[in-house]
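Novice: This is the structure I have questions about; it appears just below.
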Amino acid sequence: MSTDVQKKKRDTWGTFRRLMGYVKPYTSRLLIGAVCGALFAGSTTGMLYALKGTIAKVFDTQSMPWTGVLAVSGLLLGFAVIRGIGYFMSLYLVEWVGNRVVMDLRIAIFEHLQRLPVLYFSGTRTGELISRTTADTIMIERAVSTVLSDLIREPFSFLAMAGFVLWLDFKLALVSLVLFPLCIIPVALFGQRIRKAAREGQQKLADMVSVLQEALVGVRIVRAFGMEDYEVDRFRAHARSVFSRAMRMTRARASVEPIIVGLTVVGVSLVLFYARAAHMTVDKFIAFATAIVALYDPVKKLSRIHLAIQQSSASADRVFHLLDSEVTIKDSPNAVELVGPVKEVAFDHVSFRYNDTPVLNDINLSIPAGTLVAIVGGSGAGKTTFVNLLPRFFDVAGGRVLINGGDIREYTMKSLRQQIGLVSQETVLFNDTVARNIAYGSRHATPEQIVEAAKKAHADEFISEMPEKYETMIGERGVRLSGGQCQRLAIARAILRNPPILILDEATSALDTESERLVQSALDELMTGRTVFAIAHRLSTIMHADLILVLDDGRVVEQGTHKVLIERGGHYKYLYDLQFKDNS
């Protein structure tokens with residue numbers, strides 16, 4: 001056996017053993033299921049035992065009276081009831097465990113996603129993450145249920161049937177059982193094919209989900225540019241790839257069945273020849289032949305275990321790869337709570353790199369509480385990265401970000417982020433009520449506080465005109481609202497949070513002139529006494545800032561008030577004149 005094949009086997013079983021770790025908490029249910037599986041196997045054997053020696057007598061009125069027939073029928077019915085209960089309970093309990101494992105995995109994935117750094121999502125497709133959380137876990141559930149169901153029921157059936165045929169005729173049983181090792185052949189032949197096809201199939205499914213997600217999120221762009229047919233063709237190509245891999249797995253699985261059935265027929269044929277030569281009675285032959293067929297059924301199902309393990313391991317690999325992604329931004333072991341008023345925010349020789357590309361270089365600033373800091377610069381200057389360092393969406397590559405003289409990495413992230421409010425240019429709202437969207441991040445806010453925040457953001461007027469007012473569902477990403485209304489809800493959310501540090505990423509960019517005037521006055525009120533970092537694309541909105549930082553190529557090339565920077569005639573003056581010219 002080659003080293004690669006040995007490694008694949010170790011990887012497969014290692015992955016499956018790790019997967020079984022999620023089953024361990026539910027061992028008691030599996031044990032009960034195993035007992036029910038034993039009842040199922042014992043009752044099946046009992047039915048065959050009851051038939052042995054009685055079939056011929058049932059049709060011989062001299063050998064067995066009607067009372068005997070009723071007794072045999074009652075015995076068979078009793079075994080059938082036990083068999084049915086055993087089958088139902090074993091199947092139900094195993095399916096419960098399989099579905100519970102999927103639930104636990106999905107929760108574990110979602111929890112892990114909430115802890116992964118923001119940079120992780122910039123390099124990973126949303127559709128890929130959705131596929132791993134849904135499609136891969138469904139594949140795991142099917143495999144886990146199949147494997148556990150067969151493991152806790154079929155070994156009992158096999159042992160019971162094997163004991164029965166050995167008891168009936170020891171020599172004939174040994175001849176019949178010689179064929180059983182041959183059942184391993186199709187499993188060995190098709191197991192690796194299924195694993196490979198399953199891995200490729202799940203990746204192709206993730207690609208298809210990504211195309212679907214992109215087309216739905218960007219539906220307006222797709223329609224505006226007339227790209228419907230292009231997107232359909234793209235989705236069709238990925239759907240065909242998924243179909244192709246699925247049929248490859250189906251061919252491999254389907255090939256096992258006829259081989260094992262063929263071996264079963266060979267075994268029954270051998271019994272037939274032996275029965276003729278040994279002058280076996282009819283009822284003994286029927287019992288033996290039925291037992292041999294019943295014996296091959298658990299063998300067939302047990303042979304599926306390897307195929308199911310191969311298939312589930314491919315999906316489990318993808319899930320565990322996600323769960324093993326390193327959480328690089330987390331609380332330090334000695335992290336403390338950030339409490340008290342924010343007195344100062346400082347950047348001490350701060351630098352940041354994305355992979356090996358420098359984004360920010362040697363930034364030194366000391367910003368007293370209550371300062372309105374505006375950040376301006378061209379595209380790619382590092383403005384968004386600069387403000388993302390404050391809530392630790394990213395961690396610095398060099399230097400320190402300080403609040404009240406303490407490195408923010410020494411504070412717990414929860415307490416740090418409770419001190420920061422964020423209103424971004426890309427408004428993020430959830431498919432929930434208006435009230436819950438405003439109270440997002442302020443779970444204990446009263447209805448009166450929510451309304452007050454909405455009034456300060458000049459959102460109460462349009463909310464009051466909605467059918468259910470603050471209980472109106474706004475649709476996914478606020479699809480039922482205008483851009484300006486969405487932005488005002490986001491501002492109300494920040495007002496309600498009442499943070500000492502506020503990050504505004506062109507917070508009024510989506511508003512019309514009237515709404516901008518109203519919201520700007522609310523923002524002016526909100527910013528009073530707070531430390532504000534405002535990314536500005538329209539310089540007219542930050543002319544009153546206490547400090548303007550001009551970023552270029554990741555460096556602070558200028559800083560000062562609007563008046564000072566205009567008089568200096570440097571980079572800021574160039575940007576201001578350029579924008580004034582564009583707006584004239």
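How things are named: the first chain in the structure tokens is A, the next is B, and so on; residues count from 1 in each chain; ligands count from 1 in the order shown.
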Using only C-alpha atoms, determine which residues lie at most 8 Å from stretch 341-346 of chain A, disregarding the query and same-chain residues fewer than 6 positions distant; provide the list as a ChimeraX atom specification.

Specialist: /A:364-369,401-405,500-501

Novice: Do a neighbour search on A:Ile503 at 7 Å with only C-alpha atoms, toss out local chain neighbours closer than 5 positions, and write the hits as a count of residues only.

Specialist: 6

Novice: Can you work out which one of A:Gly127, A:Gly37, A:Gly42, A:Gly529 has the shortest atom-to-atom distance to A:Leu205, counting only C-alpha atoms?

Specialist: A:Gly127

Novice: Between A:Thr371, A:Thr385, A:Ser442, A:Thr427, which one has atoms that come closest to A:Ile548, using only C-alpha atoms?

Specialist: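 Going through A:Thr371, A:Thr385, A:Ser442, A:Thr427 one by one, the smallest distance to A:Ile548 is for A:Thr371.
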
Novice: I want to know what sits within 9 Å of A:Asn498, based on only C-alpha atoms, with residues of the same chain fewer than 2 positions away left out; could you give that as an MDAnalysis selection string?

Specialist: chainID A and resid 419:421 493:496 500:502 526

Novice: Mind writing the picked residues with N, CA and C atoms as a PDB file, in the first residue's frame?

Specialist:
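Saved result, result.pdb, follows:
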```
ATOM      1  N   GLN A 419     -17.871  50.940  24.118  1.00  0.00           N
ATOM      2  CA  GLN A 419     -17.539  52.366  24.180  1.00  0.00           C
ATOM      3  C   GLN A 419     -17.570  53.024  22.801  1.00  0.00           C
ATOM      4  N   ILE A 420     -17.877  52.249  21.763  1.00  0.00           N
ATOM      5  CA  ILE A 420     -17.763  52.748  20.389  1.00  0.00           C
ATOM      6  C   ILE A 420     -19.080  52.573  19.651  1.00  0.00           C
ATOM      7  N   GLY A 421     -19.506  53.612  18.971  1.00  0.00           N
ATOM      8  CA  GLY A 421     -20.656  53.544  18.085  1.00  0.00           C
ATOM      9  C   GLY A 421     -20.200  53.686  16.645  1.00  0.00           C
ATOM     10  N   ARG A 493     -29.723  54.240  15.842  1.00  0.00           N
ATOM     11  CA  ARG A 493     -29.105  53.133  16.567  1.00  0.00           C
ATOM     12  C   ARG A 493     -27.856  53.604  17.320  1.00  0.00           C
ATOM     13  N   ALA A 494     -27.064  54.440  16.654  1.00  0.00           N
ATOM     14  CA  ALA A 494     -25.853  54.971  17.297  1.00  0.00           C
ATOM     15  C   ALA A 494     -26.213  55.940  18.419  1.00  0.00           C
ATOM     16  N   ILE A 495     -27.251  56.735  18.206  1.00  0.00           N
ATOM     17  CA  ILE A 495     -27.682  57.683  19.245  1.00  0.00           C
ATOM     18  C   ILE A 495     -28.145  56.925  20.487  1.00  0.00           C
ATOM     19  N   LEU A 496     -28.909  55.868  20.294  1.00  0.00           N
ATOM     20  CA  LEU A 496     -29.419  55.084  21.420  1.00  0.00           C
ATOM     21  C   LEU A 496     -28.283  54.419  22.194  1.00  0.00           C
ATOM     22  N   PRO A 500     -19.115  56.896  24.059  1.00  0.00           N
ATOM     23  CA  PRO A 500     -18.168  58.008  24.195  1.00  0.00           C
ATOM     24  C   PRO A 500     -17.303  58.207  22.956  1.00  0.00           C
ATOM     25  N   ILE A 501     -17.144  57.139  22.153  1.00  0.00           N
ATOM     26  CA  ILE A 501     -16.382  57.232  20.899  1.00  0.00           C
ATOM     27  C   ILE A 501     -17.328  56.923  19.755  1.00  0.00           C
ATOM     28  N   LEU A 502     -17.312  57.746  18.730  1.00  0.00           N
ATOM     29  CA  LEU A 502     -18.215  57.580  17.595  1.00  0.00           C
ATOM     30  C   LEU A 502     -17.405  57.539  16.311  1.00  0.00           C
ATOM     31  N   LEU A 526     -25.359  64.848  18.911  1.00  0.00           N
ATOM     32  CA  LEU A 526     -24.802  63.582  19.378  1.00  0.00           C
ATOM     33  C   LEU A 526     -23.300  63.687  19.630  1.00  0.00           C
TER      34      LEU A 526
END
```

Novice: Name all residues at most 10 Å from A:Asn388 (count only C-alpha atoms; drop same-chain ones fewer than 6 positions away) and give them as a count of residues only.

Specialist: 5

Novice: Name the closest residue to A:Phe462 among the candidates A:Met247, A:Leu489, A:Ile82, A:Ala239; distances are taken between atoms, counting only C-alpha atoms.

Specialist: A:Leu489

Novice: Just the number, please: distance in Å from atom CA of A:Arg392 to atom CA of A:Val319, one decimal.

Specialist: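 Computing it gives 26.3 Å between the two atoms.
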
Novice: Please provide the set of residues having any atom within 10 Å of stretch 151-154 of chain A, restricted to only C-alpha atoms, with same-chain residues fewer than 4 positions apart removed, written as number ranges by chain.

Specialist: A: 30-41, 86-87, 90-91, 94, 145-147, 158-160, 295, 297-302, 305

Novice: Go ahead and write the residues just picked, C-alpha atoms, as a compact mmCIF listing (two decimals), in the first residue's frame.

Specialist:
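See selection-v3.txt below for the written result:
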```txt
# COMPACT_ATOMS: atom_id res chain seq x y z
CA LEU A 30 -27.39 5.36 21.32
CA LEU A 31 -27.22 2.65 23.99
CA ILE A 32 -31.01 2.56 24.19
CA GLY A 33 -31.04 2.46 20.39
CA ALA A 34 -28.60 -0.47 20.49
CA VAL A 35 -30.91 -2.37 22.86
CA CYS A 36 -33.79 -1.72 20.48
CA GLY A 37 -31.57 -2.91 17.62
CA ALA A 38 -30.93 -6.14 19.54
CA LEU A 39 -34.69 -6.56 20.00
CA PHE A 40 -35.14 -6.05 16.25
CA ALA A 41 -32.51 -8.71 15.44
CA GLY A 86 -37.28 -2.25 17.91
CA TYR A 87 -36.89 -0.90 14.38
CA SER A 90 -33.58 2.38 17.04
CA LEU A 91 -34.18 4.43 13.87
CA VAL A 94 -30.27 7.42 15.81
CA SER A 145 -27.40 8.67 10.79
CA THR A 146 -26.66 5.90 8.28
CA VAL A 147 -23.46 4.82 10.00
CA PHE A 158 -25.79 -10.47 11.48
CA LEU A 159 -24.84 -12.34 14.65
CA ALA A 160 -28.38 -13.58 15.21
CA LEU A 295 -27.86 -12.61 6.69
CA ASP A 297 -28.88 -7.84 4.24
CA PRO A 298 -26.88 -6.67 7.29
CA VAL A 299 -23.69 -7.42 5.38
CA LYS A 300 -24.90 -5.18 2.58
CA LYS A 301 -25.81 -2.40 5.02
CA LEU A 302 -22.58 -2.75 6.98
CA ILE A 305 -20.65 2.20 6.40
```

Novice: Please provide as a list in words all residues within 7 Å of A:Lys204, with the sequence filter that same-chain residues fewer than 6 positions apart are discarded (counting only C-alpha atoms).

Specialist: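 Counting only the stated atoms, we get His238, Ser241 and Val242 of chain A.
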
Novice: Rank A:Leu129, A:Val556, A:Met139, A:Ala316 by their smallest atom-to-atom distance to A:Tyr22, using only C-alpha atoms, and report the top residue only.

Specialist: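 Checking each of A:Leu129, A:Val556, A:Met139, A:Ala316 against A:Tyr22, counting only C-alpha atoms, the winner is A:Ala316.
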
Novice: Take atom CA of A:Gly201 and atom CA of A:Ala314 and report the distance between them in Å, one decimal.

Specialist: 9.4 Å

Novice: Would you kindly return, as a list in words, each protein, DNA or RNA residue with an atom no farther than 7 Å from any atom of A:Ile450, considering only C-alpha atoms and excluding same-chain residues fewer than 5 positions away?

Specialist: Ala435, Ile438, Ala439, Ala445 and Leu496 of chain A

Novice: Could you please write out, as number ranges by chain, every residue of stretch 388-452 of chain A that DSSP assigns to helix (DSSP H, G or I)?

Specialist: A: 388, 408-410, 413-417, 434-438, 447-452

Novice: Please save C-alpha atoms of the selected residues as a PDB file, in the first residue's frame.

Specialist:
```pdb
ATOM      1  CA  ASN A 388     -11.200  49.952  12.011  1.00  0.00           C
ATOM      2  CA  ILE A 408      -6.667  48.459  23.621  1.00  0.00           C
ATOM      3  CA  ARG A 409      -5.409  44.860  23.332  1.00  0.00           C
ATOM      4  CA  GLU A 410      -5.303  44.820  27.142  1.00  0.00           C
ATOM      5  CA  MET A 413     -13.233  43.334  23.290  1.00  0.00           C
ATOM      6  CA  LYS A 414     -16.776  43.455  24.629  1.00  0.00           C
ATOM      7  CA  SER A 415     -16.045  46.349  26.989  1.00  0.00           C
ATOM      8  CA  LEU A 416     -13.971  48.105  24.308  1.00  0.00           C
ATOM      9  CA  ARG A 417     -16.692  47.898  21.679  1.00  0.00           C
ATOM     10  CA  VAL A 434     -37.908  49.089  13.148  1.00  0.00           C
ATOM     11  CA  ALA A 435     -37.682  49.103  16.951  1.00  0.00           C
ATOM     12  CA  ARG A 436     -35.351  46.096  17.111  1.00  0.00           C
ATOM     13  CA  ASN A 437     -33.104  47.556  14.434  1.00  0.00           C
ATOM     14  CA  ILE A 438     -32.772  50.800  16.379  1.00  0.00           C
ATOM     15  CA  PRO A 447     -39.709  51.848  23.948  1.00  0.00           C
ATOM     16  CA  GLU A 448     -39.535  55.459  25.106  1.00  0.00           C
ATOM     17  CA  GLN A 449     -35.743  55.526  24.640  1.00  0.00           C
ATOM     18  CA  ILE A 450     -36.087  54.031  21.169  1.00  0.00           C
ATOM     19  CA  VAL A 451     -38.608  56.663  20.144  1.00  0.00           C
ATOM     20  CA  GLU A 452     -36.441  59.437  21.591  1.00  0.00           C
TER      21      GLU A 452
END
```

Novice: So the first atom is atom CA of A:Ser312 and the second is atom CA of A:Gly123; what is the distance between them in Å, to one decimal place?

Specialist: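 Interatomic distance here is 26.0 Å.
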